[in-house]
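coords_35.pdb (PDB, C-alpha atoms) appears below.
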```pdb
MODEL        1
ATOM      1  CA  MET A   1       0.000   0.000   0.000  1.00  0.00           C
ATOM      2  CA  ASN A   2       1.285   3.431  -0.866  1.00  0.00           C
ATOM      3  CA  ARG A   3       1.455   5.373   2.406  1.00  0.00           C
ATOM      4  CA  ARG A   4       1.274   8.707   0.594  1.00  0.00           C
ATOM      5  CA  VAL A   5      -2.049   7.758  -1.038  1.00  0.00           C
ATOM      6  CA  PHE A   6      -3.414   6.691   2.365  1.00  0.00           C
ATOM      7  CA  MET A   7      -2.442  10.037   3.897  1.00  0.00           C
ATOM      8  CA  LEU A   8      -3.878  11.999   0.963  1.00  0.00           C
ATOM      9  CA  ALA A   9      -7.165  10.108   1.211  1.00  0.00           C
ATOM     10  CA  ALA A  10      -7.439  10.842   4.920  1.00  0.00           C
ATOM     11  CA  VAL A  11      -6.674  14.527   4.427  1.00  0.00           C
ATOM     12  CA  ALA A  12      -9.006  14.880   1.448  1.00  0.00           C
ATOM     13  CA  LEU A  13     -11.874  13.216   3.256  1.00  0.00           C
ATOM     14  CA  SER A  14     -11.447  14.960   6.587  1.00  0.00           C
ATOM     15  CA  GLY A  15     -13.363  17.983   5.335  1.00  0.00           C
ATOM     16  CA  CYS A  16     -16.433  15.942   4.375  1.00  0.00           C
ATOM     17  CA  ALA A  17     -16.449  13.330   7.135  1.00  0.00           C
ATOM     18  CA  GLY A  18     -19.776  14.486   8.527  1.00  0.00           C
ATOM     19  CA  ALA A  19     -21.475  14.718   5.126  1.00  0.00           C
ATOM     20  CA  GLY A  20     -22.895  11.171   5.229  1.00  0.00           C
ATOM     21  CA  VAL A  21     -21.763   7.709   4.197  1.00  0.00           C
ATOM     22  CA  ARG A  22     -20.371   7.469   0.682  1.00  0.00           C
ATOM     23  CA  VAL A  23     -18.748   4.526  -1.037  1.00  0.00           C
ATOM     24  CA  ALA A  24     -15.802   5.421  -3.230  1.00  0.00           C
ATOM     25  CA  PRO A  25     -15.229   3.935  -6.689  1.00  0.00           C
ATOM     26  CA  ALA A  26     -12.573   1.206  -6.798  1.00  0.00           C
ATOM     27  CA  ASP A  27     -10.055   3.535  -8.466  1.00  0.00           C
ATOM     28  CA  ALA A  28     -10.540   6.380  -5.946  1.00  0.00           C
ATOM     29  CA  PRO A  29      -7.982   7.156  -3.223  1.00  0.00           C
ATOM     30  CA  LEU A  30     -10.505   6.001  -0.607  1.00  0.00           C
ATOM     31  CA  ALA A  31     -10.198   2.492  -2.044  1.00  0.00           C
ATOM     32  CA  GLU A  32      -6.993   2.176   0.022  1.00  0.00           C
ATOM     33  CA  LEU A  33      -9.083   2.202   3.209  1.00  0.00           C
ATOM     34  CA  GLU A  34     -10.229  -1.161   4.514  1.00  0.00           C
ATOM     35  CA  PRO A  35     -13.995  -1.742   4.378  1.00  0.00           C
ATOM     36  CA  VAL A  36     -15.308  -2.552   7.855  1.00  0.00           C
ATOM     37  CA  TYR A  37     -18.279  -4.771   8.681  1.00  0.00           C
ATOM     38  CA  ARG A  38     -18.827  -3.135  12.054  1.00  0.00           C
ATOM     39  CA  ALA A  39     -17.296  -0.559  14.375  1.00  0.00           C
ATOM     40  CA  ASP A  40     -18.045  -0.399  18.105  1.00  0.00           C
ATOM     41  CA  ALA A  41     -16.812   2.556  20.130  1.00  0.00           C
ATOM     42  CA  GLY A  42     -16.486   1.867  23.846  1.00  0.00           C
ATOM     43  CA  ARG A  43     -15.117   3.709  26.854  1.00  0.00           C
ATOM     44  CA  GLU A  44     -11.590   2.424  26.446  1.00  0.00           C
ATOM     45  CA  ALA A  45     -11.321   1.355  22.803  1.00  0.00           C
ATOM     46  CA  ILE A  46     -12.793   0.996  19.339  1.00  0.00           C
ATOM     47  CA  THR A  47     -13.331  -2.459  17.866  1.00  0.00           C
ATOM     48  CA  ILE A  48     -13.607  -2.943  14.119  1.00  0.00           C
ATOM     49  CA  SER A  49     -14.734  -6.066  12.284  1.00  0.00           C
ATOM     50  CA  VAL A  50     -12.835  -6.708   9.030  1.00  0.00           C
ATOM     51  CA  ALA A  51     -12.461  -9.449   6.411  1.00  0.00           C
ATOM     52  CA  SER A  52     -10.052 -12.256   7.243  1.00  0.00           C
ATOM     53  CA  ASN A  53      -8.832 -15.453   5.640  1.00  0.00           C
ATOM     54  CA  GLY A  54      -7.672 -16.667   9.045  1.00  0.00           C
ATOM     55  CA  CYS A  55      -4.392 -14.803   9.537  1.00  0.00           C
ATOM     56  CA  THR A  56      -5.453 -11.169   9.928  1.00  0.00           C
ATOM     57  CA  ALA A  57      -3.882  -9.558  12.997  1.00  0.00           C
ATOM     58  CA  LYS A  58      -3.844  -6.088  14.509  1.00  0.00           C
ATOM     59  CA  ALA A  59      -0.225  -5.628  13.380  1.00  0.00           C
ATOM     60  CA  ASP A  60      -1.450  -5.919   9.772  1.00  0.00           C
ATOM     61  CA  PHE A  61      -3.240  -2.567  10.099  1.00  0.00           C
ATOM     62  CA  ALA A  62      -2.132   1.052  10.125  1.00  0.00           C
ATOM     63  CA  PHE A  63      -4.301   3.893  11.359  1.00  0.00           C
ATOM     64  CA  HIS A  64      -4.366   7.627  10.798  1.00  0.00           C
ATOM     65  CA  VAL A  65      -5.908  10.164  13.176  1.00  0.00           C
ATOM     66  CA  GLU A  66      -6.353  13.784  12.162  1.00  0.00           C
ATOM     67  CA  ARG A  67      -7.709  16.707  14.140  1.00  0.00           C
ATOM     68  CA  ARG A  68      -8.921  19.691  12.136  1.00  0.00           C
ATOM     69  CA  GLY A  69     -11.414  22.406  12.996  1.00  0.00           C
ATOM     70  CA  GLY A  70     -12.643  20.640  16.124  1.00  0.00           C
ATOM     71  CA  ALA A  71     -13.323  17.375  14.250  1.00  0.00           C
ATOM     72  CA  THR A  72     -11.331  14.187  14.753  1.00  0.00           C
ATOM     73  CA  THR A  73     -11.192  11.691  11.887  1.00  0.00           C
ATOM     74  CA  LEU A  74      -9.916   8.116  12.012  1.00  0.00           C
ATOM     75  CA  ALA A  75      -9.037   5.749   9.160  1.00  0.00           C
ATOM     76  CA  PHE A  76      -7.722   2.186   9.042  1.00  0.00           C
ATOM     77  CA  ALA A  77      -5.771   0.581   6.179  1.00  0.00           C
ATOM     78  CA  ARG A  78      -4.158  -2.819   5.719  1.00  0.00           C
ATOM     79  CA  ARG A  79      -0.361  -2.991   5.767  1.00  0.00           C
ATOM     80  CA  ARG A  80      -0.262  -6.645   4.719  1.00  0.00           C
ATOM     81  CA  ILE A  81      -2.704  -8.817   2.814  1.00  0.00           C
ATOM     82  CA  ASP A  82      -4.015 -11.909   4.610  1.00  0.00           C
ATOM     83  CA  THR A  83      -2.530 -14.722   2.480  1.00  0.00           C
ATOM     84  CA  CYS A  84      -4.027 -17.628   4.424  1.00  0.00           C
ATOM     85  CA  LYS A  85      -6.176 -20.062   2.490  1.00  0.00           C
ATOM     86  CA  SER A  86      -9.585 -20.879   3.943  1.00  0.00           C
ATOM     87  CA  PHE A  87     -12.647 -22.550   2.485  1.00  0.00           C
ATOM     88  CA  ALA A  88     -15.008 -19.696   3.320  1.00  0.00           C
ATOM     89  CA  MET A  89     -14.483 -16.014   3.774  1.00  0.00           C
ATOM     90  CA  GLY A  90     -14.428 -14.916   7.363  1.00  0.00           C
ATOM     91  CA  ARG A  91     -14.017 -11.908   9.562  1.00  0.00           C
ATOM     92  CA  THR A  92     -12.136 -10.924  12.663  1.00  0.00           C
ATOM     93  CA  GLU A  93     -12.432  -8.215  15.255  1.00  0.00           C
ATOM     94  CA  LEU A  94      -9.524  -5.912  16.057  1.00  0.00           C
ATOM     95  CA  THR A  95      -9.476  -3.644  19.112  1.00  0.00           C
ATOM     96  CA  PHE A  96      -7.506  -0.400  19.307  1.00  0.00           C
ATOM     97  CA  THR A  97      -7.466   1.535  22.579  1.00  0.00           C
ATOM     98  CA  TRP A  98      -8.089   5.281  22.481  1.00  0.00           C
ATOM     99  CA  ALA A  99      -4.701   5.746  24.178  1.00  0.00           C
ATOM    100  CA  GLU A 100      -2.906   3.802  21.451  1.00  0.00           C
ATOM    101  CA  LEU A 101      -4.724   5.870  18.800  1.00  0.00           C
ATOM    102  CA  GLY A 102      -3.807   9.091  20.624  1.00  0.00           C
ATOM    103  CA  VAL A 103      -7.452  10.067  21.070  1.00  0.00           C
ATOM    104  CA  ALA A 104      -8.931  11.192  24.381  1.00  0.00           C
ATOM    105  CA  PRO A 105     -11.827   9.024  25.618  1.00  0.00           C
ATOM    106  CA  ARG A 106     -15.288  10.451  24.856  1.00  0.00           C
ATOM    107  CA  THR A 107     -13.983  12.365  21.837  1.00  0.00           C
ATOM    108  CA  GLU A 108     -16.425  12.317  18.938  1.00  0.00           C
ATOM    109  CA  VAL A 109     -14.633  10.562  16.072  1.00  0.00           C
ATOM    110  CA  PHE A 110     -15.603  10.298  12.400  1.00  0.00           C
ATOM    111  CA  LEU A 111     -14.591   6.932  10.920  1.00  0.00           C
ATOM    112  CA  LEU A 112     -13.602   7.353   7.261  1.00  0.00           C
ATOM    113  CA  ASN A 113     -13.593   3.681   6.266  1.00  0.00           C
ATOM    114  CA  PRO A 114     -16.412   2.433   4.056  1.00  0.00           C
ATOM    115  CA  LEU A 115     -19.017   0.302   5.819  1.00  0.00           C
ATOM    116  CA  SER A 116     -19.775  -3.023   4.124  1.00  0.00           C
ATOM    117  CA  ALA A 117     -22.536  -5.491   4.962  1.00  0.00           C
ATOM    118  CA  TRP A 118     -21.459  -8.883   6.337  1.00  0.00           C
ATOM    119  CA  THR A 119     -23.162 -11.480   4.160  1.00  0.00           C
ATOM    120  CA  GLY A 120     -21.909 -14.559   5.988  1.00  0.00           C
ATOM    121  CA  PRO A 121     -19.260 -17.169   5.282  1.00  0.00           C
ATOM    122  CA  GLY A 122     -18.839 -18.065   1.649  1.00  0.00           C
ATOM    123  CA  ALA A 123     -21.427 -15.558   0.447  1.00  0.00           C
TER     124      ALA A 123
ENDMDL
END
```
Before anything else, please render the file you have as structure tokens.
Amino acid sequence: MNRRVFMLAAVALSGCAGAGVRVAPADAPLAELEPVYRADAGREAITISVASNGCTAKADFAFHVERRGGATTLAFARRRIDTCKSFAMGRTELTFTWAELGVAPRTEVFLLNPLSAWTGPGA
């Protein structure tokens, strides 16, 4: 993944983070961001659900946090592709603490990643 493209996508989207959910075309800079099946924000951490072939780990992901004009945006991107071979597609949950993201608890955060529906294994 080109880190510069990831940073440009985060910066470009930070101005329109509150404008609603939009899915980017496959050739758009936003395509570098990992689609998430679910995101749960808790007191201590955020947990995201992402696609996995069985080997996806937290270390396989990079994140970018940006604060601009009172808004905080957050984006996740894969560093490494999950090369495991499984019979059916799966998913895994990854938890990132607010401290590790450098975000104060109870801060309103706009997640820039596209949201994708989980359709079940093998679907």
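Counting from atom CA of Ile46 of chain A, the distance to atom CA of Gly90 of chain A is 20.0 Å.
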Task: Sphere at (2.5, -4.9, 12.2), radius 12 Å, counting all atoms listed in the file: residues as a VMD selection string - done: chain A and resid 56 to 63 77 to 81
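We find atom CA of Leu101 of chain A and atom CA of Val36 of chain A to be spaced 17.4 Å apart.
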Would you list the contacts of segment 50-54 of chain A as a PDB file with C-alpha atoms, keeping the file's coordinate frame, taking every protein, DNA or RNA residue within 8 Å and counting only C-alpha atoms, but skipping same-chain residues closer than 4 positions in sequence?
```pdb
ATOM      1  CA  GLU A  34     -10.229  -1.161   4.514  1.00  0.00           C
ATOM      2  CA  PRO A  35     -13.995  -1.742   4.378  1.00  0.00           C
ATOM      3  CA  VAL A  36     -15.308  -2.552   7.855  1.00  0.00           C
ATOM      4  CA  TYR A  37     -18.279  -4.771   8.681  1.00  0.00           C
ATOM      5  CA  ARG A  38     -18.827  -3.135  12.054  1.00  0.00           C
ATOM      6  CA  ASP A  82      -4.015 -11.909   4.610  1.00  0.00           C
ATOM      7  CA  THR A  83      -2.530 -14.722   2.480  1.00  0.00           C
ATOM      8  CA  CYS A  84      -4.027 -17.628   4.424  1.00  0.00           C
ATOM      9  CA  LYS A  85      -6.176 -20.062   2.490  1.00  0.00           C
ATOM     10  CA  SER A  86      -9.585 -20.879   3.943  1.00  0.00           C
ATOM     11  CA  ALA A  88     -15.008 -19.696   3.320  1.00  0.00           C
ATOM     12  CA  MET A  89     -14.483 -16.014   3.774  1.00  0.00           C
ATOM     13  CA  GLY A  90     -14.428 -14.916   7.363  1.00  0.00           C
ATOM     14  CA  ARG A  91     -14.017 -11.908   9.562  1.00  0.00           C
ATOM     15  CA  THR A  92     -12.136 -10.924  12.663  1.00  0.00           C
ATOM     16  CA  GLU A  93     -12.432  -8.215  15.255  1.00  0.00           C
ATOM     17  CA  LEU A  94      -9.524  -5.912  16.057  1.00  0.00           C
TER      18      LEU A  94
END
```
Once 5 Å is added on each side, what centre and edge lengths in Å to one decimal does the axis-aligned box around all listed atoms of segment 86-103 of chain A have, as JSON?
```
{"center_x": -9.0, "center_y": -6.2, "center_z": 13.3, "size_x": 22.1, "size_y": 42.6, "size_z": 31.7}
```
Open item on the list: Env of segment 107-109 of chain A: 12 Å cut, atoms = all atoms listed in the file, seq-sep filter 2 positions within chain, self excluded. Answer as a ChimeraX atom specification.
Closed with: /A:14,17-18,39-46,64-68,70-75,98-99,101-105,111-112
TODO: Give me, please, the distance in Å between atom CA of Ser116 of chain A and atom CA of Glu100 of chain A, quoted to one decimal.
DONE: 25.1 Å
